[in-house]
Amino acid sequence: MAGVLQGLANRRFSFVAIVLQAVILLLFAFCTEYERPEARPPLNNSTSPGNGIDSLYPMWQDVHGMMFIGFGFLMAFLKRYGYSSVGLNFFLGALVIQWATLTLGFFKYEYSNTIQLSSLSLLTADFAAAAVMISFGAVLGKVSILQLLVMAFLEIIIFSASEALGVKYWKAEDVGGSIFVHAFGAYFGLALSRTLASQSRYPRKQGSDKEGASYKSDLFSLFGTIVLWLYWPSFNAALKAGDERQRAVINTYYSLSACAVTTFALAALFGKKEKIDMVLVQNATLAGGVAVGASANFLIQPWAAQTLGCVASVVSVFGYLALQPALQSGMKIHDTCGVHNLHGMPGIVGALAGIAATAKVSPERYGDSLYSVYPAMAPSNSSDPELIRLASLGIEVEPGEGRTSGEQALFQLAALVTTLVIALAGGALTGLVLRCFAPPCDNEAEMFEDDVHWETNAEVLDCGKSAGDSAADYIRHGQTLHERLSPLQ
């Protein structure tokens, strides 16, 4: 009977997916066109020809690989959910990059009544996909494939509105998405998970055996970590050019490096039996890339980026060892991949660091590049002597809003607050909608199981392990901080 009901659920998914793809196809046919030369906005206020496909494509390739390889394999730690972790990530990415192209475009319409498609469209669609994949990590293994489709569809609409508010109206600077991507995706996913927690099929406690990893599944997850770690500088730098892009690459490079070293030290210190904890290495080593994102292109100096990486590592490790179990037991927030620790808290740390850096901005420090980094701080009058002076030097600057550094810092804070509010409210609302799409078979045994949606090799799936894995299986995230520290006492 369960098999019949699951087959019906999968057919419902197939029908909805086909209809949605058809709708997207029609919208592309009537609402999009290739970018017109006159509609091409100069990247980073530079009019050099290198700001087109030749400049963006290499970095877009890196970001694209992060979305489909890095995120997919990072979530492949579950011993009985590898097909779904990588495969459903593939499906969500393919859906979202199309839908996000439309929703992000609908909030612009700056040059015509159609959406202008360019290499920049591909890049921003991948950024939107990152937010969905982060939220996917919070509910990994606990929702049906149809629920994931609906989640992605709704989240992208909310994400696009949130980003439009922060970028278009607050004019906040967040080149690496600490606020608009990482914090949004994490807290949207956490609110979604909490709303779904009232479903009877949702996990009651942390430490279910099927949430465990095997030696092989952990190795796949570590591969995803390394892919993300290698290409993260491109994620933080792709939207800028010239000196700003160079600073973003350098700052991210050193932040990630310091974060990785700190994480390995903490993973060995707090690991069970004083051995390196693989969970921390797989996730907390990436927190530096998240934390430096909001200020990656600023003149913060490499030592400050390294400091951010170290702080992000400590925050992330604390989250995995102490905060995550507390949220699960006290607030019924089940976070399968620990997105709060890797994306949520480091995203807030990065946002606060960006606010602090912005508050100390001065024309003397940035020189003629100030209005390139902070366009809203440019004088509001096009006849302002400073804009005329810059134009005489060949530096074209659009009139801004004449903000001071303190005012810009407050707008950065406003962007963080509104993004968190929209993410939490949007995640909760989406959770209520998803409860209408619950699988007809209310069976907790279906969670964290590839066999629900995939044709699998039963012999390999049996008990979640193959020969030689039994000694390496363990319950993931199942220890409290006290239990982690017990070997040191």
# chains A, B, ... in the order shown; residues from 1 in each chain; ligands from 1
call {"tool": "closest_atom_pairs", "arguments": {"of": "segment 183-272 of chain A", "to": "segment 18-42 of chain A", "cutoff": "12 Å", "atoms": "only C-alpha atoms", "output": "Markdown table"}}
result
| residue | atom | partner | partner_atom | distance |
| --- | --- | --- | --- | --- |
| A:Leu239 | CA | A:Pro42 | CA | 11.1 |
| A:Lys240 | CA | A:Pro42 | CA | 10.3 |
| A:Ala241 | CA | A:Pro42 | CA | 9.9 |
call {"tool": "select_by_dssp", "arguments": {"residues": "segment 145-300 of chain A", "states": "alpha helix (DSSP H)", "output": "PyMOL selection string"}}
result
chain A and resi 145-164+184-196+215-237+242-270+278-283+287-291
call {"tool": "residues_around", "arguments": {"residues": "Phe13 of chain A", "least_positions_apart": "4", "cutoff": "9 Å", "atoms": "only C-alpha atoms", "output": "mmCIF file with N, CA, C and O atoms, in the first residue's frame"}}
result
data_model
loop_
_atom_site.group_PDB
_atom_site.id
_atom_site.type_symbol
_atom_site.label_atom_id
_atom_site.label_comp_id
_atom_site.auth_asym_id
_atom_site.auth_seq_id
_atom_site.Cartn_x
_atom_site.Cartn_y
_atom_site.Cartn_z
ATOM 1 N N LEU A 8 1.916 7.375 -6.384
ATOM 2 C CA LEU A 8 0.973 8.463 -6.664
ATOM 3 C C LEU A 8 1.621 9.810 -6.368
ATOM 4 O O LEU A 8 1.467 10.771 -7.140
ATOM 5 N N ALA A 9 2.355 9.887 -5.256
ATOM 6 C CA ALA A 9 3.030 11.139 -4.899
ATOM 7 C C ALA A 9 4.062 11.521 -5.951
ATOM 8 O O ALA A 9 4.191 12.691 -6.314
ATOM 9 N N ALA A 17 5.918 19.420 -12.027
ATOM 10 C CA ALA A 17 7.193 19.833 -12.618
ATOM 11 C C ALA A 17 7.049 20.131 -14.103
ATOM 12 O O ALA A 17 7.606 21.118 -14.615
ATOM 13 N N ILE A 18 6.299 19.291 -14.818
ATOM 14 C CA ILE A 18 6.098 19.513 -16.255
ATOM 15 C C ILE A 18 5.312 20.794 -16.501
ATOM 16 O O ILE A 18 5.650 21.599 -17.381
ATOM 17 N N ILE A 145 9.863 15.353 -2.623
ATOM 18 C CA ILE A 145 10.386 16.055 -3.786
ATOM 19 C C ILE A 145 9.388 17.105 -4.285
ATOM 20 O O ILE A 145 9.784 18.166 -4.763
ATOM 21 N N LEU A 146 8.103 16.847 -4.127
ATOM 22 C CA LEU A 146 7.103 17.849 -4.501
ATOM 23 C C LEU A 146 7.172 19.052 -3.566
ATOM 24 O O LEU A 146 7.060 20.202 -3.994
ATOM 25 N N GLN A 147 7.349 18.795 -2.285
ATOM 26 C CA GLN A 147 7.498 19.896 -1.339
ATOM 27 C C GLN A 147 8.727 20.739 -1.667
ATOM 28 O O GLN A 147 8.698 21.970 -1.550
ATOM 29 N N LEU A 149 10.014 21.226 -4.613
ATOM 30 C CA LEU A 149 9.689 22.023 -5.797
ATOM 31 C C LEU A 149 8.902 23.266 -5.400
ATOM 32 O O LEU A 149 9.216 24.379 -5.838
#
call {"tool": "closest_atom_pairs", "arguments": {"of": "segment 384-460 of chain A", "to": "segment 156-178 of chain A", "cutoff": "8 Å", "atoms": "only C-alpha atoms", "output": "tab-separated table"}}
result
residue	atom	partner	partner_atom	distance
A:Gln408	CA	A:Ala172	CA	7.6
A:Phe411	CA	A:Trp170	CA	5.7
A:Gln412	CA	A:Ala172	CA	5.1
A:Ala414	CA	A:Trp170	CA	7.3
A:Ala415	CA	A:Gly166	CA	5.1
A:Thr418	CA	A:Ser162	CA	7.8
A:Thr419	CA	A:Ser162	CA	6.0
A:Ile422	CA	A:Ser162	CA	6.7
A:Ala423	CA	A:Ile158	CA	7.8
A:Gly426	CA	A:Ile158	CA	6.6
call {"tool": "residues_around", "arguments": {"residues": "segment 121-133 of chain A", "least_positions_apart": "6", "cutoff": "8 Å", "atoms": "only C-alpha atoms", "output": "PyMOL selection string"}}
result
chain A and resi 60+63-64+67+71+89+92-93+96-98+100-101+104+152+155-156+159-160+177+181-182+184-186
call {"tool": "closest_residue", "arguments": {"among": "A:Asp384, A:Ile300, A:His340, A:Leu88", "to": "Gly319 of chain A", "atoms": "only C-alpha atoms"}}
result
A:His340
call {"tool": "residues_around", "arguments": {"residues": "Val86 of chain A", "least_positions_apart": "2", "cutoff": "8 Å", "atoms": "only C-alpha atoms", "output": "compact mmCIF listing (two decimals) with N, CA, C and O atoms, in the first residue's frame"}}
result
# COMPACT_ATOMS: atom_id res chain seq x y z
N PHE A 68 26.38 23.15 -8.23
CA PHE A 68 25.96 21.81 -8.61
C PHE A 68 26.88 20.70 -8.09
O PHE A 68 26.44 19.58 -7.88
N ILE A 69 28.14 21.01 -7.89
CA ILE A 69 29.08 20.00 -7.38
C ILE A 69 29.35 20.23 -5.89
O ILE A 69 29.20 19.32 -5.08
N GLY A 72 26.05 20.07 -3.71
CA GLY A 72 25.49 18.72 -3.82
C GLY A 72 26.26 17.70 -3.00
O GLY A 72 25.68 16.95 -2.20
N PHE A 73 27.57 17.68 -3.17
CA PHE A 73 28.36 16.68 -2.45
C PHE A 73 28.56 17.04 -0.99
O PHE A 73 28.73 16.15 -0.15
N MET A 75 26.31 17.98 0.93
CA MET A 75 25.14 17.42 1.63
C MET A 75 25.03 15.90 1.50
O MET A 75 24.05 15.31 1.94
N ALA A 76 26.05 15.27 0.92
CA ALA A 76 25.98 13.83 0.68
C ALA A 76 26.47 13.00 1.86
O ALA A 76 26.82 11.84 1.70
N GLY A 82 22.36 9.68 -0.32
CA GLY A 82 23.33 10.27 -1.24
C GLY A 82 22.75 10.61 -2.59
O GLY A 82 23.03 11.68 -3.15
N TYR A 83 21.94 9.72 -3.16
CA TYR A 83 21.30 10.01 -4.44
C TYR A 83 20.50 11.32 -4.35
O TYR A 83 20.55 12.17 -5.24
N SER A 84 19.73 11.44 -3.28
CA SER A 84 18.86 12.61 -3.13
C SER A 84 19.66 13.88 -2.85
O SER A 84 19.33 14.95 -3.37
N LEU A 88 18.78 15.69 -6.08
CA LEU A 88 17.76 16.71 -5.89
C LEU A 88 18.37 18.11 -5.88
O LEU A 88 17.71 19.08 -6.27
N ASN A 89 19.61 18.22 -5.44
CA ASN A 89 20.32 19.49 -5.56
C ASN A 89 20.47 19.87 -7.04
O ASN A 89 20.30 21.04 -7.42
N PHE A 90 20.75 18.87 -7.87
CA PHE A 90 20.84 19.07 -9.32
C PHE A 90 19.50 19.55 -9.87
O PHE A 90 19.42 20.52 -10.63
call {"tool": "closest_residue", "arguments": {"among": "A:Gln282, A:Thr103, A:Asn113, A:Thr263", "to": "Val311 of chain A", "atoms": "only C-alpha atoms"}}
result
A:Thr263
call {"tool": "closest_atom_pairs", "arguments": {"of": "segment 383-462 of chain A", "to": "segment 360-375 of chain A", "cutoff": "9 Å", "atoms": "only C-alpha atoms", "output": "Markdown table"}}
result
| residue | atom | partner | partner_atom | distance |
| --- | --- | --- | --- | --- |
| A:Leu390 | CA | A:Asp368 | CA | 7.3 |
| A:Ile395 | CA | A:Asp368 | CA | 8.3 |
| A:Val397 | CA | A:Tyr371 | CA | 7.0 |
| A:Glu398 | CA | A:Pro375 | CA | 7.6 |
| A:Pro399 | CA | A:Pro375 | CA | 7.9 |
| A:Gly400 | CA | A:Pro375 | CA | 5.8 |
| A:Glu401 | CA | A:Pro375 | CA | 8.2 |
| A:Thr404 | CA | A:Val361 | CA | 8.9 |
| A:Ser405 | CA | A:Val361 | CA | 5.7 |
| A:Gly406 | CA | A:Lys360 | CA | 7.9 |
| A:Gln408 | CA | A:Tyr374 | CA | 8.3 |
| A:Ala409 | CA | A:Lys360 | CA | 9.0 |
call {"tool": "write_last_selection", "arguments": {"atoms": "N, CA, C and O atoms", "output": "tab-separated table (two decimals), in the first residue's frame"}}
result
chain	number	residue	atom	x	y	z
A	390	LEU	N	36.05	64.15	-11.18
A	390	LEU	CA	36.25	62.74	-11.52
A	390	LEU	C	36.04	62.50	-13.01
A	390	LEU	O	36.76	61.73	-13.64
A	395	ILE	N	36.80	59.18	-15.00
A	395	ILE	CA	36.08	58.29	-14.07
A	395	ILE	C	34.61	58.72	-14.07
A	395	ILE	O	34.25	59.77	-13.52
A	397	VAL	N	30.99	58.62	-12.83
A	397	VAL	CA	30.27	58.26	-11.62
A	397	VAL	C	28.84	58.78	-11.71
A	397	VAL	O	28.63	59.98	-11.96
A	398	GLU	N	27.88	57.90	-11.53
A	398	GLU	CA	26.49	58.31	-11.52
A	398	GLU	C	26.17	59.05	-10.21
A	398	GLU	O	26.71	58.69	-9.15
A	399	PRO	N	25.32	60.08	-10.25
A	399	PRO	CA	24.93	60.74	-9.01
A	399	PRO	C	24.31	59.74	-8.03
A	399	PRO	O	23.56	58.85	-8.43
A	400	GLY	N	24.65	59.89	-6.76
A	400	GLY	CA	24.13	58.99	-5.74
A	400	GLY	C	23.13	59.69	-4.84
A	400	GLY	O	22.29	60.45	-5.32
A	401	GLU	N	23.25	59.46	-3.54
A	401	GLU	CA	22.32	60.08	-2.59
A	401	GLU	C	23.04	60.97	-1.58
A	401	GLU	O	22.43	61.46	-0.64
A	404	THR	N	26.58	60.08	4.09
A	404	THR	CA	27.82	60.01	4.84
A	404	THR	C	28.13	58.54	5.14
A	404	THR	O	27.29	57.65	4.92
A	405	SER	N	29.32	58.27	5.65
A	405	SER	CA	29.68	56.89	5.98
A	405	SER	C	28.78	56.34	7.08
A	405	SER	O	28.38	55.16	7.04
A	406	GLY	N	28.42	57.19	8.04
A	406	GLY	CA	27.52	56.74	9.11
A	406	GLY	C	26.14	56.40	8.58
A	406	GLY	O	25.54	55.40	9.00
A	408	GLN	N	25.43	55.44	5.50
A	408	GLN	CA	25.54	54.22	4.72
A	408	GLN	C	25.59	53.00	5.62
A	408	GLN	O	24.99	51.96	5.33
A	409	ALA	N	26.28	53.12	6.76
A	409	ALA	CA	26.35	52.01	7.72
A	409	ALA	C	24.97	51.68	8.27
A	409	ALA	O	24.63	50.50	8.45
call {"tool": "closest_residue", "arguments": {"among": "A:Ser316, A:Ser257, A:Thr358, A:Thr262", "to": "Ser295 of chain A", "atoms": "only C-alpha atoms"}}
result
A:Thr358
call {"tool": "closest_residue", "arguments": {"among": "A:Val417, A:Ala191, A:Leu256, A:Leu140", "to": "Trp232 of chain A", "atoms": "only C-alpha atoms"}}
result
A:Leu256
call {"tool": "closest_residue", "arguments": {"among": "A:Leu342, A:Leu387, A:Ala197, A:Ile53", "to": "Val143 of chain A", "atoms": "only C-alpha atoms"}}
result
A:Ala197
call {"tool": "atom_distance", "arguments": {"atom1": "atom CA of Leu352 of chain A", "atom2": "atom CA of Val292 of chain A"}}
result
10.3 Å
call {"tool": "residues_around", "arguments": {"residues": "Leu434 of chain A", "least_positions_apart": "2", "cutoff": "12 Å", "atoms": "only C-alpha atoms", "output": "number ranges by chain"}}
result
A: 139, 142-155, 192-193, 195-199, 427-432, 436-439
call {"tool": "atom_distance", "arguments": {"atom1": "atom CA of Ala183 of chain A", "atom2": "atom CA of Leu269 of chain A"}}
result
28.1 Å
call {"tool": "residues_around", "arguments": {"residues": "Gly338 of chain A", "least_positions_apart": "4", "cutoff": "10 Å", "atoms": "only C-alpha atoms", "output": "PDB file with C-alpha atoms, in the first residue's frame"}}
result
ATOM      1  CA  ILE A 134      21.167  26.565   1.770  1.00  0.00           C
ATOM      2  CA  GLY A 137      20.174  21.835   3.712  1.00  0.00           C
ATOM      3  CA  ALA A 138      17.989  22.729   6.702  1.00  0.00           C
ATOM      4  CA  VAL A 139      15.214  20.316   5.625  1.00  0.00           C
ATOM      5  CA  ALA A 186      19.743  29.966   6.397  1.00  0.00           C
ATOM      6  CA  LEU A 190      15.218  27.365   9.777  1.00  0.00           C
ATOM      7  CA  VAL A 279      31.624  17.289  10.824  1.00  0.00           C
ATOM      8  CA  ASN A 283      31.457  22.751   7.371  1.00  0.00           C
ATOM      9  CA  ALA A 284      33.196  25.224   9.676  1.00  0.00           C
ATOM     10  CA  SER A 316      30.549  27.960  13.550  1.00  0.00           C
ATOM     11  CA  GLY A 319      27.088  26.389  16.797  1.00  0.00           C
ATOM     12  CA  TYR A 320      27.686  22.776  15.843  1.00  0.00           C
ATOM     13  CA  GLN A 324      22.417  23.246  17.335  1.00  0.00           C
ATOM     14  CA  HIS A 334      15.762  20.462  13.279  1.00  0.00           C
ATOM     15  CA  LEU A 342      27.776  27.576   8.389  1.00  0.00           C
ATOM     16  CA  HIS A 343      25.615  30.262   6.754  1.00  0.00           C
ATOM     17  CA  GLY A 344      23.341  31.922   9.319  1.00  0.00           C
ATOM     18  CA  HIS A 477      25.586  16.041  15.368  1.00  0.00           C
TER      19      HIS A 477
END
call {"tool": "atom_distance", "arguments": {"atom1": "atom CA of Thr114 of chain A", "atom2": "atom CA of Leu95 of chain A"}}
result
20.6 Å
call {"tool": "decode", "arguments": {"residues": "segment 116-135 of chain A", "atoms": "N, CA, C and O atoms", "output": "compact mmCIF listing (two decimals), in the first residue's frame"}}
result
# COMPACT_ATOMS: atom_id res chain seq x y z
N GLN A 116 16.26 41.59 -19.89
CA GLN A 116 17.47 41.54 -20.71
C GLN A 116 18.39 40.43 -20.18
O GLN A 116 18.83 40.47 -19.04
N LEU A 117 18.68 39.44 -21.00
CA LEU A 117 19.51 38.31 -20.60
C LEU A 117 20.96 38.54 -20.99
O LEU A 117 21.26 38.87 -22.15
N SER A 118 21.85 38.36 -20.03
CA SER A 118 23.28 38.56 -20.26
C SER A 118 24.05 37.58 -19.39
O SER A 118 23.47 36.80 -18.63
N SER A 119 25.35 37.65 -19.48
CA SER A 119 26.18 36.80 -18.62
C SER A 119 25.96 37.15 -17.15
O SER A 119 26.06 36.28 -16.28
N LEU A 120 25.63 38.41 -16.88
CA LEU A 120 25.33 38.80 -15.49
C LEU A 120 24.05 38.13 -15.01
O LEU A 120 23.92 37.79 -13.82
N SER A 121 23.09 37.90 -15.90
CA SER A 121 21.86 37.19 -15.54
C SER A 121 22.16 35.78 -15.07
O SER A 121 21.55 35.29 -14.12
N LEU A 122 23.10 35.13 -15.75
CA LEU A 122 23.47 33.77 -15.35
C LEU A 122 24.08 33.76 -13.96
O LEU A 122 23.80 32.87 -13.14
N LEU A 123 24.91 34.75 -13.70
CA LEU A 123 25.60 34.80 -12.41
C LEU A 123 24.63 35.07 -11.27
O LEU A 123 24.66 34.38 -10.23
N THR A 124 23.76 36.05 -11.43
CA THR A 124 22.82 36.37 -10.35
C THR A 124 21.80 35.25 -10.14
O THR A 124 21.34 35.03 -9.02
N ALA A 125 21.47 34.51 -11.19
CA ALA A 125 20.58 33.36 -11.03
C ALA A 125 21.25 32.28 -10.19
O ALA A 125 20.60 31.62 -9.36
N ASP A 126 22.55 32.09 -10.35
CA ASP A 126 23.27 31.12 -9.53
C ASP A 126 23.33 31.58 -8.07
O ASP A 126 23.27 30.75 -7.15
N PHE A 127 23.47 32.89 -7.83
CA PHE A 127 23.44 33.38 -6.46
C PHE A 127 22.09 33.07 -5.80
O PHE A 127 22.02 32.68 -4.63
N ALA A 128 21.01 33.26 -6.56
CA ALA A 128 19.69 32.93 -6.04
C ALA A 128 19.58 31.44 -5.75
O ALA A 128 18.99 31.03 -4.75
N ALA A 129 20.16 30.62 -6.63
CA ALA A 129 20.15 29.17 -6.41
C ALA A 129 20.87 28.81 -5.12
O ALA A 129 20.47 27.88 -4.41
N ALA A 130 21.93 29.55 -4.80
CA ALA A 130 22.67 29.27 -3.56
C ALA A 130 21.77 29.43 -2.34
O ALA A 130 21.83 28.62 -1.40
N ALA A 131 20.92 30.46 -2.33
CA ALA A 131 20.02 30.66 -1.19
C ALA A 131 19.07 29.48 -1.04
O ALA A 131 18.82 29.01 0.08
N VAL A 132 18.54 28.97 -2.15
CA VAL A 132 17.63 27.82 -2.10
C VAL A 132 18.36 26.57 -1.62
O VAL A 132 17.83 25.79 -0.82
N MET A 133 19.58 26.37 -2.07
CA MET A 133 20.33 25.19 -1.66
C MET A 133 20.69 25.23 -0.19
O MET A 133 20.77 24.20 0.48
N ILE A 134 20.93 26.43 0.33
CA ILE A 134 21.17 26.57 1.77
C ILE A 134 19.91 26.16 2.55
O ILE A 134 19.98 25.41 3.53
N SER A 135 18.76 26.66 2.12
CA SER A 135 17.50 26.29 2.78
C SER A 135 17.23 24.80 2.65
O SER A 135 16.73 24.17 3.58
